[in-house]
Amino acid sequence: DTRSHAIRTSVVLKGLDKFVYDFCDSVKPLDAIFDFLFKTFPSAKLSRNAIKSFLDALVNHGYMLNDGTQYLSLALRLQPLENASHMTT
């Protein structure tokens with residue numbers, strides 16, 4: 001995160017956190033996020049409160065936007081250096 005008000009320059013999400021964050025690469029309503037997680041991970045012990053708390057924490061840290069009912073991930077996926085060679089001139 002290169003924004004002047006950034007708390008951290010990078011954050012690595014793994015597991016369910018990564019899946020929900022990646023799912024929100026376009027605007028998603030909260031119910032769609034719940035449905036996605038419950039269908040994708042039926043054996044995981046997930047609660048709506050825990051999911052919403054995680055999303056709200058990401059909003060509070062500036063990694064997501066929220067309009068009250070929908071969420072959007074803001075971060076860009078970093079491309080590994082060895083795969084970015086086509087970007088050089």
# chains A, B, ... in the order shown; residues from 1 in each chain; ligands from 1
call {"tool": "residues_around", "arguments": {"residues": "stretch 50-67 of chain A", "least_positions_apart": "2", "cutoff": "9 Å", "atoms": "only C-alpha atoms", "output": "CSV table (one decimal) with C-alpha atoms, in the first residue's frame"}}
result
chain,number,residue,atom,x,y,z
A,1,ASP,CA,0.0,0.0,0.0
A,6,ALA,CA,-1.2,3.5,4.8
A,7,ILE,CA,-0.6,1.6,8.1
A,17,ASP,CA,-9.6,-14.7,4.4
A,20,VAL,CA,-13.5,-13.8,0.7
A,21,TYR,CA,-11.2,-10.9,-0.2
A,24,CYS,CA,-15.0,-9.1,-3.4
A,27,VAL,CA,-18.9,-5.0,-5.5
A,30,LEU,CA,-23.1,-9.0,2.2
A,33,ILE,CA,-20.5,-13.1,0.5
A,34,PHE,CA,-22.2,-15.2,3.1
A,46,LEU,CA,-18.4,-19.9,10.0
A,47,SER,CA,-20.6,-17.4,11.6
A,48,ARG,CA,-22.2,-14.3,9.9
A,69,THR,CA,-24.6,-3.2,2.4
A,70,GLN,CA,-21.9,-4.0,-0.2
A,71,TYR,CA,-18.1,-4.6,0.0
A,72,LEU,CA,-15.3,-4.0,-2.5
A,73,SER,CA,-11.7,-5.1,-2.2
A,74,LEU,CA,-9.2,-2.4,-3.1
A,75,ALA,CA,-5.8,-4.0,-3.1
call {"tool": "atom_distance", "arguments": {"atom1": "atom CA of A:Leu16", "atom2": "atom CA of A:Phe41"}}
result
8.5 Å
call {"tool": "select_by_dssp", "arguments": {"residues": "stretch 13-77 of chain A", "states": "helix (DSSP H, G or I)", "output": "number ranges by chain"}}
result
A: 15-23, 30-40, 48-60
